[in-house]
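*Asks:* Here's a structure for you.
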Amino acid sequence: MDAPGCILLFGTGAFATRIACDIAATARHPIRLVLAGRDEARLAWLVTACNARAATFATAVRAEAMLADMASAEAVEPVIAAARPDLVVQAASVQTASVIARSGDAWSRLVAEGGLSATAVFQALLSARVGRAMRRAAPRALLVNCCFPDVVNAMLAGLGLPISCGVGNVGILSSCFAGALGSSRRVKVLAHYQTIAAWRRPRSERGGIAPPRVWIDDAEITDVHARFSDVQLTPEPAIEVSGSASVPLLVAMATAGTDIAAHAPGALGLPGGYPVRWRDGTLALDLPTGLSRDEAIAWNEAFEARNGLLVSAAGEVTYTGVLHQRLGAFSAALAAGFRLDDLETVHAEMAALRARLQAMPA
């Protein structure tokens, strides 16, 4: 049997659990799955559950746990050094994904009106700490960020951290579309997270939302909403699909000699989501014939340019559109943007604003 690849998974919430359990049940290569978090009882259960699933489905996965306090990069570093991972999957966040379906307070209203990029600082914080620790403790390991990767991965890249890709978003749509067609090999999807909202609504309410770009057998279709009108997502995070969509790629990235086509948000630190290919130990964009890299990046970046968050080559973060306006109504200083190097300080300021808004009615 081949030596197992090691996946170190930070987080014990619903999304991390889905990923861990799906790895345990489906991995076609030997995997040492190290689950890291601060809740010892939860970790013990997840190890038990993953090893049980591995036994049930006869996979060569073996789970173990490590306690990890993610209060700082210095606290994370010993865990990474001890695990010796090939791949680090970071799924812990100080902003729960449930915010997309929450209502009733001023913070949830800000997110609903201004967009999820309002949460980017919270989503980036722990992933940046993990990335900084990896540079010292596991410089050859690959990093996959599960926390709002369409936007956050560009922030991580701007910090010079070793980001490979993310999980979710474009993977949700590509998997659902492939499921509707009955084949994953025929579909390539270019999708920013803002294009997903249509499929969270009933069919009759999907107009006015920009669709993703979809190719079937290398030919782009123009009726995306109509062609996939039967696809229906829940208003809540679609972890039943987004977690599983990532698993074949994660397993491939942790093992040698695997060639796989997939979809990933934030690939190579780029904005939005893309078709990708993992081959010979390298992740690359796998774009349809006739679509250039520059065109694909520009199409995705345009969403955040209209409304959201942009990261400049100089490491400056700028809020745009409605988000800039709504944020400015509460804090002109935060709405003015920030330098990526100031992420920890800005997080503290944004956390204070979030706490204040959560105490206010919408």
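Note on naming: chains are A, B, ... as they come in the structure tokens, residues start from 1 per chain, ligands start from 1 in the order shown.
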Using DSSP secondary structure from the backbone, list all alpha helix (DSSP H) positions within region 78-174 of chain A, as an MDAnalysis selection string.

*Replies:* chainID A and resid 78:83 106:114 120:137 149:158 170:174

*Asks:* How would the residues just chosen look if you wrote them out with N, CA and C atoms as a short mmCIF file (atom, residue, chain, number, x, y, z; two decimals), in the first residue's frame?

*Replies:*
```
data_model
loop_
_atom_site.label_atom_id
_atom_site.label_comp_id
_atom_site.auth_asym_id
_atom_site.auth_seq_id
_atom_site.Cartn_x
_atom_site.Cartn_y
_atom_site.Cartn_z
N PRO A 78 2.88 24.91 16.27
CA PRO A 78 3.27 23.59 16.78
C PRO A 78 2.37 22.47 16.27
N VAL A 79 1.10 22.76 16.07
CA VAL A 79 0.16 21.75 15.56
C VAL A 79 0.54 21.36 14.13
N ILE A 80 0.84 22.35 13.32
CA ILE A 80 1.23 22.08 11.93
C ILE A 80 2.55 21.32 11.88
N ALA A 81 3.49 21.71 12.72
CA ALA A 81 4.79 21.02 12.75
C ALA A 81 4.63 19.57 13.17
N ALA A 82 3.76 19.32 14.14
CA ALA A 82 3.58 17.95 14.63
C ALA A 82 2.83 17.07 13.62
N ALA A 83 1.89 17.67 12.89
CA ALA A 83 1.10 16.89 11.93
C ALA A 83 1.89 16.53 10.68
N ALA A 106 -29.12 44.71 12.60
CA ALA A 106 -28.49 45.62 11.64
C ALA A 106 -27.28 45.00 10.94
N TRP A 107 -26.59 44.08 11.62
CA TRP A 107 -25.45 43.43 10.96
C TRP A 107 -25.91 42.53 9.82
N SER A 108 -26.90 41.69 10.09
CA SER A 108 -27.38 40.80 9.03
C SER A 108 -27.97 41.61 7.87
N ARG A 109 -28.56 42.76 8.17
CA ARG A 109 -29.08 43.61 7.10
C ARG A 109 -27.93 44.20 6.27
N LEU A 110 -26.86 44.61 6.93
CA LEU A 110 -25.69 45.12 6.21
C LEU A 110 -25.15 44.05 5.26
N VAL A 111 -25.04 42.81 5.75
CA VAL A 111 -24.54 41.72 4.91
C VAL A 111 -25.50 41.43 3.76
N ALA A 112 -26.81 41.44 4.04
CA ALA A 112 -27.79 41.16 3.00
C ALA A 112 -27.78 42.22 1.91
N GLU A 113 -27.64 43.47 2.30
CA GLU A 113 -27.69 44.57 1.33
C GLU A 113 -26.33 44.83 0.68
N GLY A 114 -25.26 44.74 1.46
CA GLY A 114 -23.94 45.06 0.95
C GLY A 114 -23.18 43.88 0.39
N ALA A 120 -15.55 39.60 5.00
CA ALA A 120 -14.26 39.10 4.52
C ALA A 120 -13.16 39.17 5.58
N VAL A 121 -13.14 40.23 6.37
CA VAL A 121 -12.11 40.35 7.40
C VAL A 121 -12.22 39.20 8.40
N PHE A 122 -13.45 38.85 8.79
CA PHE A 122 -13.64 37.74 9.72
C PHE A 122 -13.25 36.41 9.09
N GLN A 123 -13.56 36.25 7.83
CA GLN A 123 -13.25 35.00 7.14
C GLN A 123 -11.75 34.83 6.92
N ALA A 124 -11.04 35.95 6.77
CA ALA A 124 -9.60 35.90 6.45
C ALA A 124 -8.72 35.71 7.68
N LEU A 125 -9.21 36.10 8.84
CA LEU A 125 -8.35 36.19 10.02
C LEU A 125 -7.63 34.88 10.35
N LEU A 126 -8.38 33.80 10.56
CA LEU A 126 -7.76 32.54 10.97
C LEU A 126 -6.97 31.91 9.83
N SER A 127 -7.45 32.07 8.59
CA SER A 127 -6.71 31.51 7.46
C SER A 127 -5.36 32.19 7.30
N ALA A 128 -5.31 33.49 7.56
CA ALA A 128 -4.03 34.20 7.51
C ALA A 128 -3.09 33.70 8.60
N ARG A 129 -3.63 33.44 9.79
CA ARG A 129 -2.79 32.90 10.86
C ARG A 129 -2.24 31.53 10.50
N VAL A 130 -3.09 30.69 9.93
CA VAL A 130 -2.63 29.36 9.51
C VAL A 130 -1.57 29.47 8.42
N GLY A 131 -1.80 30.34 7.45
CA GLY A 131 -0.84 30.51 6.36
C GLY A 131 0.51 30.99 6.85
N ARG A 132 0.50 31.93 7.81
CA ARG A 132 1.78 32.41 8.35
C ARG A 132 2.51 31.30 9.11
N ALA A 133 1.76 30.49 9.85
CA ALA A 133 2.38 29.38 10.57
C ALA A 133 2.94 28.34 9.61
N MET A 134 2.25 28.11 8.50
CA MET A 134 2.72 27.13 7.51
C MET A 134 4.05 27.53 6.90
N ARG A 135 4.25 28.82 6.68
CA ARG A 135 5.51 29.26 6.07
C ARG A 135 6.71 28.82 6.91
N ARG A 136 6.52 28.75 8.22
CA ARG A 136 7.62 28.36 9.10
C ARG A 136 7.64 26.86 9.38
N ALA A 137 6.46 26.27 9.61
CA ALA A 137 6.40 24.89 10.10
C ALA A 137 6.24 23.85 9.00
N PRO A 149 -13.62 31.84 0.00
CA PRO A 149 -12.40 31.88 -0.81
C PRO A 149 -12.49 32.76 -2.05
N ASP A 150 -13.68 32.98 -2.62
CA ASP A 150 -13.79 33.84 -3.80
C ASP A 150 -13.14 35.20 -3.58
N VAL A 151 -13.20 35.70 -2.36
CA VAL A 151 -12.66 37.02 -2.03
C VAL A 151 -11.44 36.91 -1.12
N VAL A 152 -11.52 36.04 -0.12
CA VAL A 152 -10.45 35.94 0.88
C VAL A 152 -9.14 35.44 0.29
N ASN A 153 -9.21 34.54 -0.70
CA ASN A 153 -7.95 33.99 -1.23
C ASN A 153 -7.09 35.06 -1.88
N ALA A 154 -7.71 36.08 -2.46
CA ALA A 154 -6.93 37.18 -3.01
C ALA A 154 -6.24 37.96 -1.88
N MET A 155 -6.90 38.04 -0.72
CA MET A 155 -6.28 38.68 0.44
C MET A 155 -5.10 37.87 0.93
N LEU A 156 -5.25 36.55 0.99
CA LEU A 156 -4.16 35.69 1.44
C LEU A 156 -2.97 35.77 0.47
N ALA A 157 -3.27 35.77 -0.82
CA ALA A 157 -2.20 35.90 -1.82
C ALA A 157 -1.49 37.24 -1.67
N GLY A 158 -2.27 38.28 -1.38
CA GLY A 158 -1.69 39.61 -1.20
C GLY A 158 -0.78 39.69 0.01
N VAL A 170 -18.25 27.90 -6.73
CA VAL A 170 -18.26 27.35 -8.09
C VAL A 170 -18.42 25.84 -8.06
N GLY A 171 -17.90 25.19 -7.01
CA GLY A 171 -18.08 23.75 -6.87
C GLY A 171 -19.52 23.36 -6.65
N ILE A 172 -20.28 24.21 -5.98
CA ILE A 172 -21.71 23.95 -5.78
C ILE A 172 -22.42 23.93 -7.13
N LEU A 173 -22.22 25.00 -7.90
CA LEU A 173 -22.94 25.10 -9.17
C LEU A 173 -22.47 24.05 -10.17
N SER A 174 -21.16 23.84 -10.28
CA SER A 174 -20.67 22.85 -11.25
C SER A 174 -21.18 21.46 -10.92
#
```

*Asks:* Could you give me, as a Markdown table, every region 102-220 of chain A residue with an atom at most 8 Å from region 280-300 of chain A, plus its closest atom pair and distance in Å to one decimal, counting only C-alpha atoms, rows ordered by chain then number?

*Replies:*
```
| residue | atom | partner | partner_atom | distance |
| --- | --- | --- | --- | --- |
| A:Ser164 | CA | A:Leu283 | CA | 7.3 |
| A:Lys188 | CA | A:Pro288 | CA | 7.0 |
| A:Leu190 | CA | A:Ala296 | CA | 7.5 |
| A:Ala191 | CA | A:Asn300 | CA | 7.2 |
| A:His192 | CA | A:Asn300 | CA | 5.7 |
| A:Trp215 | CA | A:Pro288 | CA | 7.2 |
| A:Asp218 | CA | A:Pro288 | CA | 5.8 |
```

*Asks:* Rank nothing, just name the residue among A:Ile216, A:Ile221, A:Ala254, A:Leu143 nearest to Gly266 (chain A), using only C-alpha atoms.

*Replies:*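 Checking each candidate against Gly266 (chain A), we get A:Leu143 as the closest.
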
*Asks:* Env of Val47 (chain A): 7 Å cut, atoms = only C-alpha atoms, seq-sep filter 2 positions within chain, self excluded. Answer as a list in words.

*Replies:*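 The residues satisfying every condition are Leu43, Ala44, Trp45, Ala49, Cys50, Asn51, Ala63, Glu64 and Ala65 of chain A.
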
*Asks:* Pick from A:Leu309, A:Val167, A:Ala52, A:Val88: nearest to Ala262 (chain A), with only C-alpha atoms counted?

*Replies:*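 Nearest candidate to Ala262 (chain A) out of A:Leu309, A:Val167, A:Ala52, A:Val88: A:Val167.
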
*Asks:* Identify which of the residues A:Thr56, A:Thr258, A:Ser244, A:Ser312 lies closest to Ile19 (chain A), counting only C-alpha atoms when measuring atom-to-atom distances.

*Replies:*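 Result for the nearest residue to Ile19 (chain A): A:Ser244.
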
*Asks:* Which is closer to Ala362 (chain A) than all the others in A:Gly179, A:Gly207, A:Gly104, A:Gly273, using only C-alpha atoms?

*Replies:*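 Distance minimum relative to Ala362 (chain A) lands on A:Gly104.
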